[in-house]
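Pasted below: query_17.pdb, PDB, C-alpha atoms.
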ATOM      1  CA  MET L  76       2.700  12.438 -17.795
ATOM      2  CA  TYR L  77       3.109   9.117 -19.579
ATOM      3  CA  LYS L  78       2.938  10.710 -23.028
ATOM      4  CA  LYS L  79       5.546  13.296 -22.016
ATOM      5  CA  GLY L  80       7.938  10.537 -20.908
ATOM      6  CA  LEU L  81       7.656  11.470 -17.242
ATOM      7  CA  LEU L  82       6.596   7.949 -16.279
ATOM      8  CA  PRO L  83       8.651   4.898 -17.203
ATOM      9  CA  LYS L  84       7.113   2.734 -19.919
ATOM     10  CA  GLU L  85       7.053  -0.205 -17.480
ATOM     11  CA  ALA L  86       4.591   1.725 -15.282
ATOM     12  CA  LEU L  87       1.840   0.189 -17.414
ATOM     13  CA  THR L  88       2.738  -3.415 -16.773
ATOM     14  CA  GLN L  89       4.973  -3.751 -13.734
ATOM     15  CA  GLY L  90       3.880  -3.805 -10.113
ATOM     16  CA  HIS L  91       4.908  -2.117  -6.876
ATOM     17  CA  ARG L  92       8.115  -4.129  -6.487
ATOM     18  CA  HIS L  93       9.336  -2.763  -9.817
ATOM     19  CA  ALA L  94       8.422   0.770  -8.734
ATOM     20  CA  ILE L  95      10.692   0.333  -5.709
ATOM     21  CA  ASP L  96      13.489  -0.932  -7.975
ATOM     22  CA  LEU L  97      13.102   2.100 -10.247
ATOM     23  CA  TYR L  98      13.108   4.460  -7.281
ATOM     24  CA  GLN L  99      16.194   3.013  -5.622
ATOM     25  CA  SER L 100      18.048   2.991  -8.934
ATOM     26  CA  GLY L 101      17.323   6.719  -9.329
ATOM     27  CA  GLU L 102      15.132   6.252 -12.407
ATOM     28  CA  THR L 103      12.047   7.760 -10.733
ATOM     29  CA  THR L 104      11.758  10.567  -8.222
ATOM     30  CA  PHE L 105       8.464   9.687  -6.568
ATOM     31  CA  LEU L 106       7.285   6.494  -4.879
ATOM     32  CA  ALA L 107       3.907   5.965  -3.265
ATOM     33  CA  SER L 108       4.623   3.430  -0.577
ATOM     34  CA  GLY L 109       4.676   2.734   3.131
ATOM     35  CA  PRO L 110       7.578   3.249   5.531
ATOM     36  CA  GLU L 111       8.364  -0.471   5.583
ATOM     37  CA  PHE L 112      10.247  -0.116   2.291
ATOM     38  CA  LEU L 113      12.563   2.662   3.493
ATOM     39  CA  LYS L 114      14.930   0.196   5.166
ATOM     40  CA  THR L 115      15.243  -1.774   1.915
ATOM     41  CA  ILE L 116      16.003   1.417   0.017
ATOM     42  CA  ALA L 117      18.557   2.462   2.659
ATOM     43  CA  ASN L 118      20.296  -0.926   2.374
ATOM     44  CA  ASN L 119      20.217  -1.108  -1.422
ATOM     45  CA  ALA L 120      20.695   2.562  -2.320
ATOM     46  CA  PRO L 121      22.140   4.642   0.538
ATOM     47  CA  ARG L 122      22.509   7.793  -1.607
ATOM     48  CA  ILE L 123      18.886   7.588  -2.723
ATOM     49  CA  ALA L 124      17.768   6.966   0.870
ATOM     50  CA  GLN L 125      19.743   9.980   2.064
ATOM     51  CA  ALA L 126      17.981  12.196  -0.492
ATOM     52  CA  THR L 127      14.550  10.744   0.306
ATOM     53  CA  ALA L 128      11.899  12.866   1.978
ATOM     54  CA  ILE L 129       8.502  11.723   3.180
ATOM     55  CA  ALA L 130       5.048  13.213   2.764
ATOM     56  CA  PRO L 131       1.556  12.329   3.945
ATOM     57  CA  GLN L 132      -0.588  10.096   1.813
ATOM     58  CA  LEU L 133      -2.499  11.826  -0.971
ATOM     59  CA  THR L 134      -6.214  12.002  -0.263
ATOM     60  CA  GLY L 135      -9.390  13.341  -1.734
ATOM     61  CA  ASP L 136     -12.009  15.602  -0.181
ATOM     62  CA  THR L 137     -12.914  13.009   2.461
ATOM     63  CA  GLY L 138      -9.408  12.952   3.923
ATOM     64  CA  LYS L 139      -9.590   9.157   4.055
ATOM     65  CA  LYS L 140      -6.265   7.330   3.874
ATOM     66  CA  ASN L 141      -5.975   4.042   2.033
ATOM     67  CA  VAL L 142      -4.708   1.110   4.078
ATOM     68  CA  ALA L 143      -3.624  -2.311   2.980
ATOM     69  CA  VAL L 144      -4.587  -4.979   5.461
ATOM     70  CA  MET L 145      -3.552  -8.539   6.052
ATOM     71  CA  ASN L 146      -5.938 -11.162   7.373
ATOM     72  CA  MET L 147      -5.491 -14.387   9.275
ATOM     73  CA  VAL L 148      -8.029 -16.957   8.197
ATOM     74  CA  ILE L 149      -8.910 -20.337   9.600
ATOM     75  CA  PRO L 150     -10.448 -22.532   6.930
ATOM     76  CA  ARG L 151     -13.860 -23.889   7.886
ATOM     77  CA  ASP L 152     -12.676 -27.483   7.416
ATOM     78  CA  SER L 153      -9.451 -27.056   9.399
ATOM     79  CA  LYS L 154      -8.407 -30.230  11.171
ATOM     80  CA  GLN L 155      -7.152 -28.173  14.147
ATOM     81  CA  PRO L 156      -9.539 -25.248  14.607
ATOM     82  CA  ASP L 157      -8.842 -24.788  18.328
ATOM     83  CA  ALA L 158      -5.066 -24.663  17.859
ATOM     84  CA  SER L 159      -5.560 -22.321  14.891
ATOM     85  CA  VAL L 160      -7.645 -19.934  16.971
ATOM     86  CA  LYS L 161      -5.050 -19.988  19.772
ATOM     87  CA  PHE L 162      -2.312 -19.219  17.253
ATOM     88  CA  ALA L 163      -4.306 -16.373  15.684
ATOM     89  CA  LEU L 164      -4.982 -14.865  19.117
ATOM     90  CA  PHE L 165      -1.292 -15.198  20.003
ATOM     91  CA  VAL L 166      -0.172 -13.435  16.817
ATOM     92  CA  THR L 167      -2.742 -10.665  17.143
ATOM     93  CA  ASN L 168      -2.500  -9.851  20.853
ATOM     94  CA  ASP L 169      -1.267  -6.379  21.854
ATOM     95  CA  GLU L 170       2.179  -7.441  23.051
ATOM     96  CA  ASN L 171       2.993  -9.568  20.015
ATOM     97  CA  GLN L 172       1.604  -7.039  17.563
ATOM     98  CA  LEU L 173       3.853  -4.380  19.089
ATOM     99  CA  ALA L 174       6.905  -6.649  18.899
ATOM    100  CA  PHE L 175       6.104  -7.687  15.320
ATOM    101  CA  ALA L 176       5.447  -4.112  14.172
ATOM    102  CA  LYS L 177       8.784  -2.977  15.592
ATOM    103  CA  ALA L 178      10.680  -5.875  14.004
ATOM    104  CA  ALA L 179       9.013  -5.599  10.587
ATOM    105  CA  ASN L 180       8.637  -1.789  10.486
ATOM    106  CA  VAL L 181       4.885  -2.016   9.913
ATOM    107  CA  LEU L 182       1.889  -0.726  11.819
ATOM    108  CA  PRO L 183       0.306  -2.985  14.437
ATOM    109  CA  SER L 184      -3.258  -4.226  14.171
ATOM    110  CA  THR L 185      -4.339  -3.310  17.699
ATOM    111  CA  VAL L 186      -5.222   0.094  19.141
ATOM    112  CA  LYS L 187      -3.213  -0.543  22.322
ATOM    113  CA  ALA L 188      -0.039  -1.461  20.400
ATOM    114  CA  LEU L 189      -0.490   1.603  18.180
ATOM    115  CA  SER L 190      -0.688   3.822  21.271
ATOM    116  CA  ASP L 191       2.887   2.877  22.225
ATOM    117  CA  SER L 192       5.344   5.804  22.215
ATOM    118  CA  TYR L 193       7.256   4.028  19.415
ATOM    119  CA  PHE L 194       4.496   5.205  17.051
ATOM    120  CA  LYS L 195       4.009   8.644  18.614
ATOM    121  CA  ASP L 196       7.373  10.136  19.544
ATOM    122  CA  VAL L 197       9.775  11.522  16.952
ATOM    123  CA  PRO L 198      13.317  11.645  18.388
ATOM    124  CA  ALA L 199      15.234  14.947  18.113
ATOM    125  CA  ASN L 200      17.551  13.639  15.387
ATOM    126  CA  ALA L 201      14.975  11.285  13.844
ATOM    127  CA  SER L 202      15.798   9.310  10.741
ATOM    128  CA  THR L 203      13.528   9.329   7.713
ATOM    129  CA  ILE L 204      12.319   5.860   8.759
ATOM    130  CA  GLU L 205      11.372   7.082  12.262
ATOM    131  CA  LYS L 206       9.566  10.143  10.875
ATOM    132  CA  ALA L 207       7.713   7.997   8.335
ATOM    133  CA  ARG L 208       6.647   5.505  11.003
ATOM    134  CA  VAL L 209       5.117   8.247  13.172
ATOM    135  CA  MET L 210       3.500   9.972  10.174
ATOM    136  CA  SER L 211       2.009   6.696   9.023
ATOM    137  CA  ALA L 212       0.705   5.896  12.528
ATOM    138  CA  GLU L 213      -0.879   9.350  12.776
ATOM    139  CA  GLU L 214      -2.744   8.706   9.524
ATOM    140  CA  LEU L 215      -4.116   5.317  10.601
ATOM    141  CA  PRO L 216      -7.195   6.664  12.447
ATOM    142  CA  LYS L 217      -8.391   8.040   9.084
ATOM    143  CA  GLY L 218      -7.433   4.787   7.382
ATOM    144  CA  GLU L 219      -9.926   2.797   5.427
ATOM    145  CA  ILE L 220      -9.818   0.052   2.857
ATOM    146  CA  LEU L 221     -10.718   2.179  -0.152
ATOM    147  CA  THR L 222     -10.930  -0.699  -2.589
ATOM    148  CA  PRO L 223     -14.492  -1.968  -2.367
ATOM    149  CA  THR L 224     -15.089  -5.633  -1.715
ATOM    150  CA  LEU L 225     -17.082  -6.837  -4.691
ATOM    151  CA  LYS L 226     -17.850 -10.199  -6.164
ATOM    152  CA  ASP L 227     -15.663 -10.597  -9.270
ATOM    153  CA  SER L 228     -13.617  -7.513  -8.366
ATOM    154  CA  ASN L 229     -10.711  -9.057 -10.295
ATOM    155  CA  LYS L 230     -12.784  -8.584 -13.468
ATOM    156  CA  LEU L 231     -13.368  -4.920 -12.622
ATOM    157  CA  GLN L 232      -9.678  -4.446 -11.918
ATOM    158  CA  LYS L 233      -8.755  -6.067 -15.240
ATOM    159  CA  ALA L 234     -11.214  -3.878 -17.174
ATOM    160  CA  VAL L 235      -9.918  -0.712 -15.499
ATOM    161  CA  TYR L 236      -6.235  -1.597 -15.968
ATOM    162  CA  GLU L 237      -6.608  -2.618 -19.608
ATOM    163  CA  ASN L 238      -8.530   0.526 -20.458
ATOM    164  CA  LEU L 239      -6.159   2.724 -18.459
ATOM    165  CA  GLN L 240      -3.266   1.238 -20.433
ATOM    166  CA  ALA L 241      -5.067   1.866 -23.720
ATOM    167  CA  ALA L 242      -5.679   5.492 -22.752
ATOM    168  CA  MET L 243      -2.074   6.011 -21.655
ATOM    169  CA  LEU L 244      -0.812   4.509 -24.909
ATOM    170  CA  GLY L 245      -3.086   6.811 -26.914
ATOM    171  CA  GLN L 246      -5.123   3.904 -28.276
ATOM    172  CA  LYS L 247      -8.316   5.347 -26.768
ATOM    173  CA  THR L 248      -9.428   8.673 -25.420
ATOM    174  CA  VAL L 249      -9.833   8.854 -21.651
ATOM    175  CA  ASP L 250     -13.613   9.169 -22.070
ATOM    176  CA  LYS L 251     -13.726   6.087 -24.315
ATOM    177  CA  ALA L 252     -11.562   4.101 -21.866
ATOM    178  CA  VAL L 253     -13.875   4.974 -18.969
ATOM    179  CA  GLU L 254     -16.935   4.115 -21.065
ATOM    180  CA  ASP L 255     -15.441   0.772 -22.183
ATOM    181  CA  ALA L 256     -14.379  -0.186 -18.645
ATOM    182  CA  ALA L 257     -17.878   0.602 -17.351
ATOM    183  CA  GLN L 258     -19.464  -1.370 -20.174
ATOM    184  CA  GLU L 259     -17.216  -4.388 -19.523
ATOM    185  CA  TRP L 260     -17.973  -4.309 -15.801
ATOM    186  CA  ASN L 261     -21.709  -3.857 -16.339
ATOM    187  CA  SER L 262     -21.790  -6.818 -18.752
ATOM    188  CA  THR L 263     -20.300  -9.097 -16.056
ATOM    189  CA  ARG L 264     -22.928  -7.940 -13.547
ATOM    190  CA  SER L 265     -25.955  -8.925 -15.648
TER     191      SER L 265
END

Turn the structure described in the file into structure tokens.
Amino acid sequence: MYKKGLLPKEALTQGHRHAIDLYQSGETTFLASGPEFLKTIANNAPRIAQATAIAPQLTGDTGKKNVAVMNMVIPRDSKQPDASVKFALFVTNDENQLAFAKAANVLPSTVKALSDSYFKDVPANASTIEKARVMSAEELPKGEILTPTLKDSNKLQKAVYENLQAAMLGQKTVDKAVEDAAQEWNSTRS
């Protein structure tokens, strides 16, 4: 697709924020993202938002859905560990997770908050944002962090990205890029 000009050249070097910019400017027709960005697109590009349709997340044979998670961490040497724990429990309780998820258009982190009708019921004349929220919530039970937690995973990511770029630019064959990425990763593991 890259060689045929079906992907913007910046796809090799720019991140997700740039992908959203390209989508809302009408330069791309497909965006893999969560429903939380639909409001931004509606505000910045109403015509694009009006033409936007949603679809379930792409999956492999396992049917697992990738989820991005956020963590609250209390450093071991915190000067106020008790207050930090109270704050973390306040932010992550069912009631506050539901309120936060509604305000930020994200999914909550608790099962009880996710069971709220806000994440289950699609109104008769539902907007794209409402449909996407319910679709996303329905996928969460099959959600998993699909990026493995590995020591030095940033080195693996760098090796994969650099070799993917080289393959897309025609500097290497796909087989050579995979081989080189594996070799780079294996050399950091020994």

>> Which residues, named as in the file, does the PyMOL selection byres ((chain L and resi 140) around 7) pick out? Answer as number ranges by chain.
In response: L: 132, 134, 138-139, 141-142, 214, 217-219

> Which residues, protein or nucleic acid, reach to within 12 Å of (1.7, -4.1, 19.2) in the file's coordinates when using only C-alpha atoms, and can you give that as a PyMOL selection string?
Replying inline: chain L and resi 165-194

>> As a check of understanding, name the residues that the PyMOL selection byres ((chain L and resi 92-97) around 12) selects in the supplied structure, as a PyMOL selection string.
In response: chain L and resi 82-91+98-109+111-117+119-120+123-124

> Counting only C-alpha atoms, which of L:Ala257, L:Ala128, L:Ala234, L:Val144 gets nearest to L:Leu215?
Replying inline: L:Val144

> Just how far from atom CA of L:Asn229 is atom CA of L:Arg264, in Å to one decimal?
Replying inline: 12.7 Å

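Of the residues under consideration (L:Pro216, L:Val209, L:Glu259, L:Lys247), L:Glu259 shows the shortest atom-to-atom contact distance to L:Gln232 when counting all atoms listed in the file.
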
> If you count only C-alpha atoms, which residues fall within 12 Å of L:Ala252, apart from same-chain ones fewer than 5 positions away, as a PyMOL selection string?
Replying inline: chain L and resi 234-247+257-259

Stretch 196-201 of chain L, all listed atoms, 3 Å padding on each side: what axis-aligned box centre and edge lengths in Å to one decimal come out, as lines of an AutoDock Vina configuration file?
center_x = 12.5
center_y = 12.5
center_z = 16.7
size_x = 16.2
size_y = 10.8
size_z = 11.7

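Reported to one decimal place, the separation of atom CA of L:Ala163 from atom CA of L:Arg151 is 14.4 Å.
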
> Between atom CA of L:Lys230 and atom CA of L:Thr248, what is the distance, to one decimal in Å?
Replying inline: 21.3 Å

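With all atoms listed in the file as the basis for measurement, L:Met147 is the residue among L:Thr127, L:Asp136, L:Ala207, L:Met147 that approaches L:Phe162 most closely.
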